Amino acid sequence: MINQVTLVGRLTKDPELRYTPDGKAVSNITLAVNRNFRNTVGNYEADFVQCIIWKKSAENTAQYCKKGAIIGITGRIQTRRYENQEGKYVYVTEVVAERVQFIGTKQHDGKSKDFEHIGL
């Protein structure tokens, strides 16, 4: 079976780094990925994809990336479910990042600036 996803998009907010009880770094991010076609009024829409980044990649992303940064993620789709406080099941679909690449960042003047090479 094949389960592989490649996305390039902008971070919707600054990444927040946290650690699991056993000390693994993890960051949940939302990546805004533009669709490659215009809607009926001529604008591009975006999909907001939930992603999970683990270990050193999570630490580097939190350290070097801010809201608006352009990053590329290669990973796999994962689905899970949990029961909320009302007793209803909530289904979640997210991308688990296996590789993260920093592509560019938005400067204060609105122009994009490429990242310097950062090894992950």
# chains A, B, ... in the order shown; residues from 1 in each chain; ligands from 1

$ residues_around --residues "A:Asp14" --least-positions-apart "4" --cutoff "9 Å" --atoms "only C-alpha atoms" --output "ChimeraX atom specification"
/A:29,62,65-69

$ select_by_dssp --residues "stretch 28-110 of chain A" --states "strand (DSSP E or B)" --output "JSON, numbers by chain"
{"A": [28, 29, 30, 31, 32, 33, 34, 35, 36, 37, 38, 44, 45, 46, 47, 48, 49, 50, 51, 52, 53, 54, 70, 71, 72, 73, 74, 75, 76, 77, 78, 79, 80, 81, 82, 83, 89, 90, 91, 92, 93, 94, 95, 96, 97, 98, 99, 100, 101, 102, 103, 104, 105, 106]}

$ write_last_selection --atoms "N, CA and C atoms" --output "compact mmCIF listing (two decimals), in the first residue's frame"
# COMPACT_ATOMS: atom_id res chain seq x y z
N ASN A 28 2.37 20.44 16.65
CA ASN A 28 1.21 20.37 15.76
C ASN A 28 1.10 21.70 15.04
N ILE A 29 1.04 21.66 13.72
CA ILE A 29 0.94 22.89 12.94
C ILE A 29 -0.23 22.78 11.97
N THR A 30 -0.63 23.93 11.45
CA THR A 30 -1.60 23.97 10.36
C THR A 30 -0.91 24.62 9.17
N LEU A 31 -0.96 23.96 8.04
CA LEU A 31 -0.33 24.44 6.82
C LEU A 31 -1.41 24.88 5.84
N ALA A 32 -1.37 26.15 5.41
CA ALA A 32 -2.30 26.66 4.41
C ALA A 32 -1.72 26.37 3.03
N VAL A 33 -2.42 25.53 2.28
CA VAL A 33 -1.95 25.10 0.96
C VAL A 33 -2.94 25.61 -0.08
N ASN A 34 -2.45 26.48 -0.97
CA ASN A 34 -3.32 27.04 -2.01
C ASN A 34 -3.76 25.96 -2.98
N ARG A 35 -5.00 26.06 -3.42
CA ARG A 35 -5.50 25.20 -4.50
C ARG A 35 -4.97 25.75 -5.81
N ASN A 36 -4.86 24.91 -6.82
CA ASN A 36 -4.26 25.37 -8.08
C ASN A 36 -5.30 25.79 -9.12
N PHE A 37 -6.46 26.23 -8.64
CA PHE A 37 -7.48 26.76 -9.55
C PHE A 37 -8.23 27.88 -8.83
N ARG A 38 -8.90 28.71 -9.62
CA ARG A 38 -9.64 29.84 -9.05
C ARG A 38 -11.10 29.45 -8.82
N TYR A 44 -8.08 32.45 -5.52
CA TYR A 44 -7.57 31.15 -5.11
C TYR A 44 -8.02 30.88 -3.67
N GLU A 45 -8.45 29.66 -3.41
CA GLU A 45 -8.80 29.25 -2.06
C GLU A 45 -7.66 28.40 -1.52
N ALA A 46 -7.68 28.14 -0.22
CA ALA A 46 -6.64 27.32 0.40
C ALA A 46 -7.28 26.23 1.24
N ASP A 47 -6.57 25.15 1.38
CA ASP A 47 -6.94 24.10 2.31
C ASP A 47 -6.03 24.24 3.53
N PHE A 48 -6.57 23.99 4.70
CA PHE A 48 -5.82 24.12 5.94
C PHE A 48 -5.60 22.72 6.49
N VAL A 49 -4.36 22.24 6.35
CA VAL A 49 -4.03 20.86 6.63
C VAL A 49 -3.33 20.76 7.98
N GLN A 50 -3.88 19.90 8.85
CA GLN A 50 -3.28 19.66 10.16
C GLN A 50 -2.10 18.71 9.98
N CYS A 51 -0.94 19.08 10.59
CA CYS A 51 0.27 18.26 10.47
C CYS A 51 0.91 18.08 11.85
N ILE A 52 1.58 16.95 12.03
CA ILE A 52 2.32 16.66 13.24
C ILE A 52 3.78 16.48 12.86
N ILE A 53 4.66 17.18 13.57
CA ILE A 53 6.10 17.07 13.33
C ILE A 53 6.74 16.55 14.62
N TRP A 54 7.65 15.59 14.51
CA TRP A 54 8.26 14.95 15.66
C TRP A 54 9.75 15.21 15.75
N ILE A 70 7.06 29.61 4.57
CA ILE A 70 6.74 28.58 3.59
C ILE A 70 7.59 27.36 3.90
N ILE A 71 6.92 26.23 4.11
CA ILE A 71 7.65 24.98 4.36
C ILE A 71 7.08 23.87 3.49
N GLY A 72 7.92 22.89 3.24
CA GLY A 72 7.50 21.69 2.52
C GLY A 72 7.51 20.52 3.48
N ILE A 73 6.52 19.67 3.38
CA ILE A 73 6.42 18.50 4.23
C ILE A 73 6.16 17.28 3.36
N THR A 74 6.91 16.23 3.62
CA THR A 74 6.62 14.92 3.05
C THR A 74 6.28 14.01 4.21
N GLY A 75 5.20 13.28 4.09
CA GLY A 75 4.79 12.42 5.19
C GLY A 75 3.69 11.47 4.77
N ARG A 76 2.89 11.08 5.77
CA ARG A 76 1.81 10.14 5.53
C ARG A 76 0.53 10.63 6.20
N ILE A 77 -0.60 10.24 5.65
CA ILE A 77 -1.90 10.58 6.24
C ILE A 77 -2.20 9.58 7.35
N GLN A 78 -2.68 10.13 8.45
CA GLN A 78 -3.06 9.29 9.58
C GLN A 78 -4.46 9.71 10.04
N THR A 79 -5.30 8.76 10.35
CA THR A 79 -6.62 9.06 10.88
C THR A 79 -6.73 8.47 12.28
N ARG A 80 -7.51 9.13 13.12
CA ARG A 80 -7.75 8.63 14.47
C ARG A 80 -9.10 9.15 14.92
N ARG A 81 -9.59 8.60 16.02
CA ARG A 81 -10.85 9.07 16.56
C ARG A 81 -10.74 9.07 18.08
N TYR A 82 -11.55 9.93 18.68
CA TYR A 82 -11.65 9.95 20.13
C TYR A 82 -13.07 10.33 20.51
N GLU A 83 -13.42 10.06 21.74
CA GLU A 83 -14.75 10.37 22.22
C GLU A 83 -14.69 11.69 23.00
N TYR A 89 -18.14 10.55 18.94
CA TYR A 89 -16.83 10.32 18.36
C TYR A 89 -16.43 11.48 17.45
N VAL A 90 -15.19 11.91 17.57
CA VAL A 90 -14.62 12.94 16.72
C VAL A 90 -13.53 12.27 15.90
N TYR A 91 -13.60 12.43 14.58
CA TYR A 91 -12.63 11.83 13.68
C TYR A 91 -11.65 12.91 13.22
N VAL A 92 -10.37 12.57 13.23
CA VAL A 92 -9.31 13.51 12.88
C VAL A 92 -8.47 12.90 11.77
N THR A 93 -8.19 13.70 10.74
CA THR A 93 -7.26 13.31 9.68
C THR A 93 -6.12 14.31 9.68
N GLU A 94 -4.89 13.81 9.71
CA GLU A 94 -3.72 14.70 9.78
C GLU A 94 -2.57 14.08 9.01
N VAL A 95 -1.56 14.90 8.73
CA VAL A 95 -0.36 14.44 8.05
C VAL A 95 0.75 14.33 9.09
N VAL A 96 1.36 13.16 9.18
CA VAL A 96 2.51 12.95 10.06
C VAL A 96 3.75 13.20 9.21
N ALA A 97 4.50 14.24 9.55
CA ALA A 97 5.66 14.63 8.75
C ALA A 97 6.81 13.65 8.94
N GLU A 98 7.38 13.23 7.84
CA GLU A 98 8.58 12.40 7.88
C GLU A 98 9.80 13.21 7.47
N ARG A 99 9.56 14.28 6.70
CA ARG A 99 10.64 15.19 6.28
C ARG A 99 10.06 16.59 6.19
N VAL A 100 10.81 17.56 6.71
CA VAL A 100 10.39 18.97 6.67
C VAL A 100 11.50 19.76 6.01
N GLN A 101 11.10 20.63 5.07
CA GLN A 101 12.08 21.49 4.39
C GLN A 101 11.62 22.93 4.49
N PHE A 102 12.52 23.80 4.96
CA PHE A 102 12.22 25.23 5.07
C PHE A 102 12.50 25.88 3.72
N ILE A 103 11.50 26.55 3.18
CA ILE A 103 11.62 27.11 1.83
C ILE A 103 11.76 28.62 1.85
N GLY A 104 10.94 29.32 2.61
CA GLY A 104 11.01 30.78 2.65
C GLY A 104 10.22 31.33 3.81
N THR A 105 10.41 32.60 4.06
CA THR A 105 9.71 33.27 5.14
C THR A 105 9.22 34.62 4.65
N LYS A 106 8.19 35.14 5.26
CA LYS A 106 7.65 36.44 4.90
C LYS A 106 8.30 37.50 5.78

$ residues_around --residues "A:Gln63" --least-positions-apart "6" --cutoff "10 Å" --atoms "only C-alpha atoms" --output "PyMOL selection string"
chain A and resi 14-17+57

$ residues_around --residues "A:Ala25" --least-positions-apart "2" --cutoff "8 Å" --atoms "only C-alpha atoms" --output "ChimeraX atom specification"
/A:17-20,23,27,54-56,58-59

$ write_last_selection --atoms "all heavy atoms" --output "compact mmCIF listing (two decimals), in the first residue's frame"
# COMPACT_ATOMS: atom_id res chain seq x y z
N LEU A 17 6.14 24.24 20.37
CA LEU A 17 6.86 23.01 20.67
C LEU A 17 6.46 22.52 22.06
O LEU A 17 6.36 23.29 23.00
CB LEU A 17 8.37 23.28 20.63
CG LEU A 17 9.29 22.10 20.88
CD1 LEU A 17 9.14 21.06 19.78
CD2 LEU A 17 10.73 22.58 20.97
N ARG A 18 6.22 21.21 22.18
CA ARG A 18 5.98 20.61 23.48
C ARG A 18 6.68 19.26 23.50
O ARG A 18 7.17 18.79 22.47
CB ARG A 18 4.49 20.50 23.78
CG ARG A 18 3.72 19.57 22.91
CD ARG A 18 2.22 19.57 23.26
NE ARG A 18 1.56 18.44 22.69
CZ ARG A 18 1.27 18.26 21.42
NH1 ARG A 18 1.62 19.18 20.53
NH2 ARG A 18 0.66 17.18 20.99
N TYR A 19 6.70 18.64 24.66
CA TYR A 19 7.37 17.36 24.81
C TYR A 19 6.41 16.34 25.42
O TYR A 19 5.62 16.68 26.30
CB TYR A 19 8.62 17.51 25.70
CG TYR A 19 9.70 18.31 25.01
CD1 TYR A 19 9.73 19.69 25.11
CD2 TYR A 19 10.68 17.69 24.24
CE1 TYR A 19 10.72 20.43 24.46
CE2 TYR A 19 11.66 18.41 23.59
CZ TYR A 19 11.67 19.79 23.71
OH TYR A 19 12.63 20.52 23.06
N THR A 20 6.49 15.12 24.93
CA THR A 20 5.68 14.04 25.49
C THR A 20 6.25 13.67 26.86
O THR A 20 7.39 14.04 27.19
CB THR A 20 5.71 12.80 24.56
OG1 THR A 20 7.04 12.31 24.48
CG2 THR A 20 5.18 13.14 23.17
N GLY A 23 9.70 12.49 26.79
CA GLY A 23 10.75 13.41 26.32
C GLY A 23 10.86 13.62 24.83
O GLY A 23 11.79 14.29 24.38
N SER A 27 5.35 18.95 17.58
CA SER A 27 4.70 20.21 17.24
C SER A 27 3.54 19.93 16.30
O SER A 27 3.71 19.23 15.30
CB SER A 27 5.69 21.16 16.58
OG SER A 27 5.09 22.40 16.31
N TRP A 54 7.65 15.59 14.51
CA TRP A 54 8.26 14.95 15.66
C TRP A 54 9.75 15.21 15.75
O TRP A 54 10.39 15.54 14.76
CB TRP A 54 8.04 13.43 15.61
CG TRP A 54 6.63 13.02 15.86
CD1 TRP A 54 5.66 12.77 14.92
CD2 TRP A 54 6.01 12.79 17.13
NE1 TRP A 54 4.49 12.41 15.55
CE2 TRP A 54 4.68 12.42 16.89
CE3 TRP A 54 6.46 12.88 18.44
CZ2 TRP A 54 3.79 12.13 17.92
CZ3 TRP A 54 5.58 12.58 19.47
CH2 TRP A 54 4.26 12.22 19.20
N LYS A 55 10.29 15.03 16.93
CA LYS A 55 11.71 14.97 17.28
C LYS A 55 12.46 16.22 16.83
O LYS A 55 12.01 17.33 17.04
CB LYS A 55 12.33 13.68 16.74
CG LYS A 55 11.66 12.43 17.30
CD LYS A 55 12.27 11.18 16.73
CE LYS A 55 11.53 9.94 17.25
NZ LYS A 55 12.03 8.73 16.62
N LYS A 56 13.65 16.05 16.25
CA LYS A 56 14.52 17.19 15.89
C LYS A 56 13.86 18.10 14.87
O LYS A 56 14.04 19.32 14.91
CB LYS A 56 15.87 16.66 15.38
CG LYS A 56 16.91 17.73 15.20
CD LYS A 56 17.30 18.34 16.53
CE LYS A 56 18.44 19.33 16.35
NZ LYS A 56 18.77 20.02 17.60
N ALA A 58 10.74 18.83 14.72
CA ALA A 58 9.81 19.68 15.48
C ALA A 58 10.58 20.81 16.18
O ALA A 58 10.15 21.97 16.17
CB ALA A 58 9.05 18.85 16.51
N GLU A 59 11.72 20.48 16.76
CA GLU A 59 12.53 21.50 17.45
C GLU A 59 13.03 22.55 16.46
O GLU A 59 12.96 23.74 16.73
CB GLU A 59 13.68 20.84 18.19
CG GLU A 59 13.23 19.99 19.35
CD GLU A 59 14.36 19.22 20.02
OE1 GLU A 59 15.35 18.86 19.34
OE2 GLU A 59 14.24 18.96 21.23

$ select_by_dssp --residues "chain A" --states "alpha helix (DSSP H)" --output "ChimeraX atom specification"
/A:55-64

$ write_last_selection --atoms "N, CA, C and O atoms" --output "PDB file, in the first residue's frame"
ATOM      1  N   LYS A  55      10.289  15.030  16.934  1.00  0.00           N
ATOM      2  CA  LYS A  55      11.710  14.972  17.277  1.00  0.00           C
ATOM      3  C   LYS A  55      12.464  16.224  16.831  1.00  0.00           C
ATOM      4  O   LYS A  55      12.009  17.335  17.040  1.00  0.00           O
ATOM      5  N   LYS A  56      13.649  16.053  16.247  1.00  0.00           N
ATOM      6  CA  LYS A  56      14.518  17.188  15.895  1.00  0.00           C
ATOM      7  C   LYS A  56      13.860  18.102  14.869  1.00  0.00           C
ATOM      8  O   LYS A  56      14.043  19.323  14.913  1.00  0.00           O
ATOM      9  N   SER A  57      13.087  17.538  13.951  1.00  0.00           N
ATOM     10  CA  SER A  57      12.384  18.373  12.970  1.00  0.00           C
ATOM     11  C   SER A  57      11.398  19.308  13.662  1.00  0.00           C
ATOM     12  O   SER A  57      11.234  20.458  13.251  1.00  0.00           O
ATOM     13  N   ALA A  58      10.739  18.834  14.720  1.00  0.00           N
ATOM     14  CA  ALA A  58       9.812  19.683  15.482  1.00  0.00           C
ATOM     15  C   ALA A  58      10.580  20.807  16.176  1.00  0.00           C
ATOM     16  O   ALA A  58      10.146  21.965  16.165  1.00  0.00           O
ATOM     17  N   GLU A  59      11.717  20.479  16.765  1.00  0.00           N
ATOM     18  CA  GLU A  59      12.525  21.500  17.449  1.00  0.00           C
ATOM     19  C   GLU A  59      13.033  22.545  16.460  1.00  0.00           C
ATOM     20  O   GLU A  59      12.960  23.743  16.727  1.00  0.00           O
ATOM     21  N   ASN A  60      13.543  22.100  15.306  1.00  0.00           N
ATOM     22  CA  ASN A  60      14.047  23.041  14.298  1.00  0.00           C
ATOM     23  C   ASN A  60      12.939  23.914  13.727  1.00  0.00           C
ATOM     24  O   ASN A  60      13.129  25.115  13.513  1.00  0.00           O
ATOM     25  N   THR A  61      11.776  23.328  13.480  1.00  0.00           N
ATOM     26  CA  THR A  61      10.657  24.104  12.946  1.00  0.00           C
ATOM     27  C   THR A  61      10.233  25.178  13.933  1.00  0.00           C
ATOM     28  O   THR A  61      10.006  26.325  13.560  1.00  0.00           O
ATOM     29  N   ALA A  62      10.143  24.832  15.208  1.00  0.00           N
ATOM     30  CA  ALA A  62       9.765  25.810  16.231  1.00  0.00           C
ATOM     31  C   ALA A  62      10.814  26.902  16.366  1.00  0.00           C
ATOM     32  O   ALA A  62      10.484  28.067  16.601  1.00  0.00           O
ATOM     33  N   GLN A  63      12.078  26.545  16.197  1.00  0.00           N
ATOM     34  CA  GLN A  63      13.159  27.522  16.364  1.00  0.00           C
ATOM     35  C   GLN A  63      13.282  28.473  15.173  1.00  0.00           C
ATOM     36  O   GLN A  63      13.501  29.666  15.349  1.00  0.00           O
ATOM     37  N   TYR A  64      13.139  27.959  13.955  1.00  0.00           N
ATOM     38  CA  TYR A  64      13.456  28.746  12.764  1.00  0.00           C
ATOM     39  C   TYR A  64      12.257  29.274  11.988  1.00  0.00           C
ATOM     40  O   TYR A  64      12.425  30.108  11.099  1.00  0.00           O
TER      41      TYR A  64
END

$ atom_distance --atom1 "atom CA of A:Leu11" --atom2 "atom CA of A:Val26"
15.7 Å
